[in-house]
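Comments concern the structure below.
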Amino acid sequence: MIRPATLHRLAYPRVSSNSLARCRAIPKRALSSTSPTYLNEHLPKSTSPIVSNPHFFNSVTPDGSGIPTYRVLDGSGKVLEGAEVPEVSEEMAVKMYENMLLLPTLDNVLYNVQRQGKISFYMTSHGEEATIIGSAAALDNQDEVLGQYREMGVLLWRGFTLDNVMAQCFGTEEDISGKGRQMPVHFGSPAHHFHTISSPLATQIPQAAGVAYALKRDPERRGKNVAACYFGEGAASEGDFHAGLLLASTLPSPTVFIARNNGFAISTPSSEQFFGDGIAARGPGYGIHTIRVDGNDILAVLDATRKARELSLRDGRATLIECMSYRVGHHSTSDDSFAYRPRSEVEDRKRIDNPTLRFRLWLEGRGWWSEEKEKECKERLKRDVMKSFKRAEGVKRCEVGELFGDVYAGEEPWMQREQRAELASLLRKYGKVWGPWKKELGKFRNEGEDLMGKA
């Protein structure tokens with residue numbers, strides 16, 4: 001039997017005076033002027049140096065200053081001194097700018113359409129065009145995208161058509177996102193590697209870590225594709241944010257997290273959401289390479305996203321980009337932002353730091369854009385958007401019975417058969433006699449006969 005004293009000696013063996021002399025405290029790098037670091041001494045399972053004086057810290061930067069923000073263009077479209085313009089051709093730059101113009105054109109039409117009661121809901125991207133289009137242009141079209149609410153521009157960049165947008169927002173039978181079952185702006189498209197948007201906040205963040213891990217395990221896509229995950233700074237206050245970053249760092253996966261810090265979580269300003277230095281300060285805590293970028297500078301967003309993607313593919317690990325911008329529009333059609341911020345503040349931001357104007361000035365400085373092209377482009381985009389809108393108004397919704405499709409695999413369970421029968425009974429009773437139901441059924445293909453005709 002081993003005595004307790006023996007166990008103590010086994011766990012903590014005696015050290016000779018010679019050994020102690022060899023391990024004498026040697027200043028390595030002072031954390032503070034009175035706190036030397038001791039070489040070769042550390043705690044189990046840790047590489048943290050041992051110091052002799054208490055040292056509190058509250059910053060991820062060595063000197064305790066705020067995290068810097070990467071920028072290429074100033075507010076007037078001029079390249080900052082010392083900045084390098086990322087590689088971009090005239091064709092690509094023009095495409096980026098035209099997509100920046102397309103977003104507000106669509107947003108204005110569909111926002112007003114919602115106000116007319118023709119669709120139930122909408123969310124705009126006003127003020128965040130550079131963040132969305134710049135990052136979309138930096139990704140490969142085969143990269144998996146998990147968005148939140150304002151990433152329609154990523155789909156448009158990849159070839160999602162205006163008819164596709166209208167079909168989803170109007171819920172018509174041509175909706176490839178969800179057969180008309182989802183709320184407007186909840187897009188999805190397997191063909192465009194865009195995972196369907198979900199209403200609950202931040203659920204896409206841990207899912208993105210899982211998607212990226214699957215890419216890493218796939219021999220055909222390993223080292224070729226990343227999972228890009230978009231979310232707002234408000235979503236970063238959810239537990240799923242921390243779960244997602246923890247998963248992506250402990251089970252390393254090529255996930256590019258893109259935080260759109262637009263200053264507001266609906267009505268809550270970022271100053272009331274967190275006391276730390278934004279979202280970027282959280283990345284190093286999970287061992288994730290992080291950068292903060294001016295989200296109103298499309299060239300900076302393009303370059304930062306390209307580099308983050310390259311880093312994720314090279315190391316097989318996650319990266320985090322915090323894009324700093326300002327939400328010019330209301331949170332959604334359910335929100336009136338002037339109830340919690342002055343109108344003058346919004347107008348000032350639109351005038352002082354307009355991401356679209358900043359990029360236009362840079363394009364004009366290179367001779368790649370002009371007033372004539374601006375006029376022609378805006379007229380063409382508005383014409384195309386209105387054409388798709390008017391077409392969508394005349395397209396029927398799916399059959400009412402489609403409501404029960406794609407829910408269960410195999411044999412339909414008893415409770416769904418009961419629900420189908422109950423709905424059919426109600427439609428037969430009220431569908432042709434009660435005005436509101438009769439009008440609504442007229443929007444569906446076969447006007448509900450696919451259910452009412454079944455006993």
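In the structure tokens, the first chain shown is A, the next is B, and so on; residue numbers restart at 1 for each chain, and ligands run from 1 in the order shown.
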
| request: Please provide the set of residues having any atom within 7 Å of stretch 150-158 of chain A, restricted to only C-alpha atoms, with same-chain residues fewer than 6 positions apart removed, written as a VMD selection string. | output: chain A and resid 103 123 to 125 132 to 133 136 141 192

| query | For A:Glu376, which residue out of A:Leu80, A:Leu139, A:Leu101, A:Met92 is the nearest one, using only C-alpha atoms? | reply |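 Answer, going by the shortest atom-to-atom distance: A:Leu101.
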
Per residue of stretch 229-299 of chain A within 8 Å of stretch 333-353 of chain A, what are the shortest atom pair and its distance in Å to one decimal, counting only C-alpha atoms, with rows by chain and residue number, as a Markdown table?
| residue | atom | partner | partner_atom | distance |
| --- | --- | --- | --- | --- |
| A:Ile266 | CA | A:Asp335 | CA | 7.7 |
| A:Ser267 | CA | A:Tyr340 | CA | 6.4 |
| A:Asn296 | CA | A:Asp353 | CA | 7.4 |

Residue neighbourhood stretch 230-234 of chain A, 9 Å, only C-alpha atoms, exclusion window fewer than 4 positions, as an mmCIF file with N, CA, C and O atoms, in the first residue's frame:
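The new file selection-v4.cif reads:
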data_model
loop_
_atom_site.group_PDB
_atom_site.id
_atom_site.type_symbol
_atom_site.label_atom_id
_atom_site.label_comp_id
_atom_site.auth_asym_id
_atom_site.auth_seq_id
_atom_site.Cartn_x
_atom_site.Cartn_y
_atom_site.Cartn_z
ATOM 1 N N VAL A 145 -23.096 29.466 -48.824
ATOM 2 C CA VAL A 145 -23.450 30.710 -48.134
ATOM 3 C C VAL A 145 -24.628 30.462 -47.203
ATOM 4 O O VAL A 145 -25.650 29.887 -47.614
ATOM 5 N N LEU A 146 -24.473 30.888 -45.969
ATOM 6 C CA LEU A 146 -25.566 30.850 -44.989
ATOM 7 C C LEU A 146 -25.808 32.285 -44.545
ATOM 8 O O LEU A 146 -24.990 32.881 -43.843
ATOM 9 N N GLY A 147 -26.921 32.851 -44.996
ATOM 10 C CA GLY A 147 -27.185 34.263 -44.772
ATOM 11 C C GLY A 147 -28.139 34.510 -43.628
ATOM 12 O O GLY A 147 -28.673 33.588 -43.007
ATOM 13 N N GLN A 148 -28.373 35.784 -43.378
ATOM 14 C CA GLN A 148 -29.357 36.184 -42.380
ATOM 15 C C GLN A 148 -30.563 36.776 -43.106
ATOM 16 O O GLN A 148 -31.411 36.035 -43.583
ATOM 17 N N TYR A 149 -30.650 38.105 -43.246
ATOM 18 C CA TYR A 149 -31.825 38.688 -43.886
ATOM 19 C C TYR A 149 -31.485 39.602 -45.052
ATOM 20 O O TYR A 149 -32.328 39.839 -45.900
ATOM 21 N N ARG A 150 -30.277 40.112 -45.097
ATOM 22 C CA ARG A 150 -29.972 41.180 -46.051
ATOM 23 C C ARG A 150 -28.975 40.739 -47.125
ATOM 24 O O ARG A 150 -28.281 41.564 -47.702
ATOM 25 N N GLU A 151 -28.909 39.454 -47.407
ATOM 26 C CA GLU A 151 -27.894 38.950 -48.338
ATOM 27 C C GLU A 151 -28.455 38.612 -49.721
ATOM 28 O O GLU A 151 -27.874 37.808 -50.453
ATOM 29 N N LEU A 201 -33.095 33.948 -34.998
ATOM 30 C CA LEU A 201 -31.833 34.672 -35.073
ATOM 31 C C LEU A 201 -30.636 33.782 -34.759
ATOM 32 O O LEU A 201 -30.645 33.038 -33.780
ATOM 33 N N ALA A 202 -29.621 33.856 -35.612
ATOM 34 C CA ALA A 202 -28.283 33.280 -35.394
ATOM 35 C C ALA A 202 -28.207 31.770 -35.584
ATOM 36 O O ALA A 202 -27.135 31.198 -35.404
ATOM 37 N N GLN A 204 -27.989 30.138 -38.187
ATOM 38 C CA GLN A 204 -27.095 29.783 -39.295
ATOM 39 C C GLN A 204 -25.626 29.738 -38.872
ATOM 40 O O GLN A 204 -24.797 29.173 -39.600
ATOM 41 N N ILE A 205 -25.277 30.302 -37.711
ATOM 42 C CA ILE A 205 -23.864 30.398 -37.339
ATOM 43 C C ILE A 205 -23.281 29.030 -36.973
ATOM 44 O O ILE A 205 -22.268 28.621 -37.554
ATOM 45 N N GLU A 238 -26.460 36.448 -29.423
ATOM 46 C CA GLU A 238 -27.143 35.175 -29.183
ATOM 47 C C GLU A 238 -26.133 34.094 -28.803
ATOM 48 O O GLU A 238 -24.962 34.131 -29.208
ATOM 49 N N VAL A 256 -15.862 31.209 -43.033
ATOM 50 C CA VAL A 256 -15.608 32.648 -43.051
ATOM 51 C C VAL A 256 -16.833 33.329 -42.448
ATOM 52 O O VAL A 256 -17.902 33.382 -43.063
ATOM 53 N N PHE A 257 -16.697 33.810 -41.222
ATOM 54 C CA PHE A 257 -17.791 34.501 -40.542
ATOM 55 C C PHE A 257 -17.737 35.982 -40.923
ATOM 56 O O PHE A 257 -16.697 36.627 -40.777
ATOM 57 N N ILE A 258 -18.855 36.506 -41.425
ATOM 58 C CA ILE A 258 -18.930 37.899 -41.863
ATOM 59 C C ILE A 258 -19.991 38.612 -41.029
ATOM 60 O O ILE A 258 -21.193 38.400 -41.210
ATOM 61 N N ALA A 259 -19.534 39.430 -40.092
ATOM 62 C CA ALA A 259 -20.445 40.172 -39.213
ATOM 63 C C ALA A 259 -20.737 41.536 -39.814
ATOM 64 O O ALA A 259 -19.822 42.321 -40.051
ATOM 65 N N ARG A 260 -22.002 41.809 -40.059
ATOM 66 C CA ARG A 260 -22.412 43.128 -40.549
ATOM 67 C C ARG A 260 -22.772 43.997 -39.343
ATOM 68 O O ARG A 260 -23.877 43.925 -38.829
ATOM 69 N N ASN A 261 -21.826 44.785 -38.890
ATOM 70 C CA ASN A 261 -22.089 45.666 -37.746
ATOM 71 C C ASN A 261 -22.642 46.980 -38.285
ATOM 72 O O ASN A 261 -21.905 47.899 -38.612
ATOM 73 N N ASN A 262 -23.980 47.041 -38.378
ATOM 74 C CA ASN A 262 -24.616 48.244 -38.943
ATOM 75 C C ASN A 262 -25.109 49.209 -37.870
ATOM 76 O O ASN A 262 -25.814 50.167 -38.155
ATOM 77 N N GLY A 263 -24.739 48.948 -36.613
ATOM 78 C CA GLY A 263 -25.028 49.893 -35.552
ATOM 79 C C GLY A 263 -26.300 49.664 -34.773
ATOM 80 O O GLY A 263 -26.466 50.234 -33.688
ATOM 81 N N PHE A 264 -27.214 48.812 -35.297
ATOM 82 C CA PHE A 264 -28.496 48.628 -34.623
ATOM 83 C C PHE A 264 -28.958 47.176 -34.707
ATOM 84 O O PHE A 264 -28.933 46.570 -35.776
ATOM 85 N N ALA A 265 -29.406 46.643 -33.570
ATOM 86 C CA ALA A 265 -30.120 45.368 -33.533
ATOM 87 C C ALA A 265 -31.593 45.720 -33.394
ATOM 88 O O ALA A 265 -32.095 45.896 -32.285
ATOM 89 N N ILE A 266 -32.263 45.871 -34.533
ATOM 90 C CA ILE A 266 -33.591 46.481 -34.610
ATOM 91 C C ILE A 266 -33.500 47.881 -33.991
ATOM 92 O O ILE A 266 -32.935 48.776 -34.596
ATOM 93 N N THR A 268 -32.091 48.540 -30.854
ATOM 94 C CA THR A 268 -31.043 48.619 -29.833
ATOM 95 C C THR A 268 -29.719 49.014 -30.464
ATOM 96 O O THR A 268 -29.169 48.260 -31.271
ATOM 97 N N SER A 270 -25.699 49.568 -30.961
ATOM 98 C CA SER A 270 -24.594 48.687 -30.567
ATOM 99 C C SER A 270 -23.985 49.101 -29.237
ATOM 100 O O SER A 270 -23.462 48.258 -28.502
ATOM 101 N N GLN A 273 -25.565 47.070 -26.715
ATOM 102 C CA GLN A 273 -25.517 45.620 -26.896
ATOM 103 C C GLN A 273 -24.317 45.000 -26.221
ATOM 104 O O GLN A 273 -24.375 43.865 -25.749
ATOM 105 N N GLY A 278 -16.520 45.828 -29.967
ATOM 106 C CA GLY A 278 -17.229 45.259 -31.111
ATOM 107 C C GLY A 278 -17.189 43.741 -31.171
ATOM 108 O O GLY A 278 -16.920 43.051 -30.187
ATOM 109 N N ILE A 279 -17.440 43.221 -32.361
ATOM 110 C CA ILE A 279 -17.474 41.772 -32.573
ATOM 111 C C ILE A 279 -16.073 41.228 -32.820
ATOM 112 O O ILE A 279 -15.757 40.098 -32.451
ATOM 113 N N GLU A 322 -15.321 41.632 -39.402
ATOM 114 C CA GLU A 322 -16.348 42.550 -38.903
ATOM 115 C C GLU A 322 -16.416 43.751 -39.842
ATOM 116 O O GLU A 322 -15.450 44.499 -39.963
#

| said: Which residues are close to A:Arg115, i.e. within 12 Å by only C-alpha atoms, leaving aside same-chain residues fewer than 6 positions away? Reply as a PyMOL selection string. | reply: chain A and resi 108-109+121-122+332-334

| field | Expected answer as a list in words: helix (DSSP H, G or I) residues in stretch 68-97 of chain A | value | Glu90, Glu91, Met92, Ala93, Val94, Lys95, Met96 and Tyr97 of chain A

Could those selected residues go to a file with C-alpha atoms, as a PDB file, in the first residue's frame?
ATOM      1  CA  GLU A  90     -12.880  47.050 -65.308  1.00  0.00           C
ATOM      2  CA  GLU A  91     -15.510  44.426 -66.163  1.00  0.00           C
ATOM      3  CA  MET A  92     -15.653  43.146 -62.604  1.00  0.00           C
ATOM      4  CA  ALA A  93     -15.678  46.642 -61.074  1.00  0.00           C
ATOM      5  CA  VAL A  94     -18.576  47.720 -63.293  1.00  0.00           C
ATOM      6  CA  LYS A  95     -20.493  44.552 -62.422  1.00  0.00           C
ATOM      7  CA  MET A  96     -19.954  45.257 -58.725  1.00  0.00           C
ATOM      8  CA  TYR A  97     -21.208  48.815 -59.097  1.00  0.00           C
TER       9      TYR A  97
END

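Residues within 10 Å of A:Ser59, counting only C-alpha atoms and excluding same-chain residues fewer than 4 positions away, are A:Asp63, A:Gly64, A:Ser65, A:Gly66, A:Ile67, A:Gly276, A:Asp277, A:Ala281.
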
Writing out the chosen residues with C-alpha atoms as a JSON list (two decimals), in the first residue's frame:
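Saved as selection.json:
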[["chain", "number", "residue", "atom", "x", "y", "z"],
["A", 63, "ASP", "CA", -0.99, 48.76, -26.58],
["A", 64, "GLY", "CA", -4.59, 48.63, -25.37],
["A", 65, "SER", "CA", -5.95, 50.77, -28.21],
["A", 66, "GLY", "CA", -9.06, 50.01, -30.24],
["A", 67, "ILE", "CA", -8.97, 47.42, -33.01],
["A", 276, "GLY", "CA", -16.27, 45.49, -25.44],
["A", 277, "ASP", "CA", -14.58, 46.49, -28.68],
["A", 281, "ALA", "CA", -12.61, 41.49, -30.17]]

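Remark: for A:Arg282, the closest of the candidate residues A:Lys443, A:His242, A:Arg309, A:Lys387 is A:His242 (distances computed over only C-alpha atoms).
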
| task | Step one, run DSSP on the backbone; step two, keep only residues of stretch 71-205 of chain A assigned to strand (DSSP E or B); then write them as a ChimeraX atom specification. | result | /A:73,79,144-146,189,194-195

Please identify all polymer residues within 9 Å of A:Arg360, counting only C-alpha atoms, omitting same-chain residues fewer than 3 positions from it, and present them as a PDB file with C-alpha atoms, in the first residue's frame.
ATOM      1  CA  GLY A  77     -13.205  57.773 -53.565  1.00  0.00           C
ATOM      2  CA  TYR A  97     -21.208  48.815 -59.097  1.00  0.00           C
ATOM      3  CA  PRO A 355     -20.837  53.506 -50.014  1.00  0.00           C
ATOM      4  CA  THR A 356     -22.252  53.607 -53.543  1.00  0.00           C
ATOM      5  CA  LEU A 357     -21.115  57.173 -54.199  1.00  0.00           C
ATOM      6  CA  LEU A 363     -14.693  54.345 -60.971  1.00  0.00           C
ATOM      7  CA  GLU A 364     -15.033  57.773 -62.568  1.00  0.00           C
ATOM      8  CA  GLY A 365     -11.477  58.616 -61.563  1.00  0.00           C
ATOM      9  CA  TRP A 369     -17.926  55.212 -65.363  1.00  0.00           C
ATOM     10  CA  SER A 370     -19.704  58.408 -66.376  1.00  0.00           C
TER      11      SER A 370
END

| Which residue out of A:Tyr111, A:Glu272, A:Val301, A:Asn225 has the minimum interatomic distance to A:Ile321 when only C-alpha atoms are used? |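 With only C-alpha atoms as the atom set, the closest residue is A:Val301.
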
| query | Which value, in Å to one decimal, gives the distance between atom CA of A:Gly180 and atom CA of A:Val400? | reply | 10.5 Å

| task | Could you tell me how far atom CA of A:Phe170 lies from atom CA of A:Lys396, in Å and to one decimal? | result |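 Separation of atom CA of A:Phe170 and atom CA of A:Lys396: 9.5 Å.
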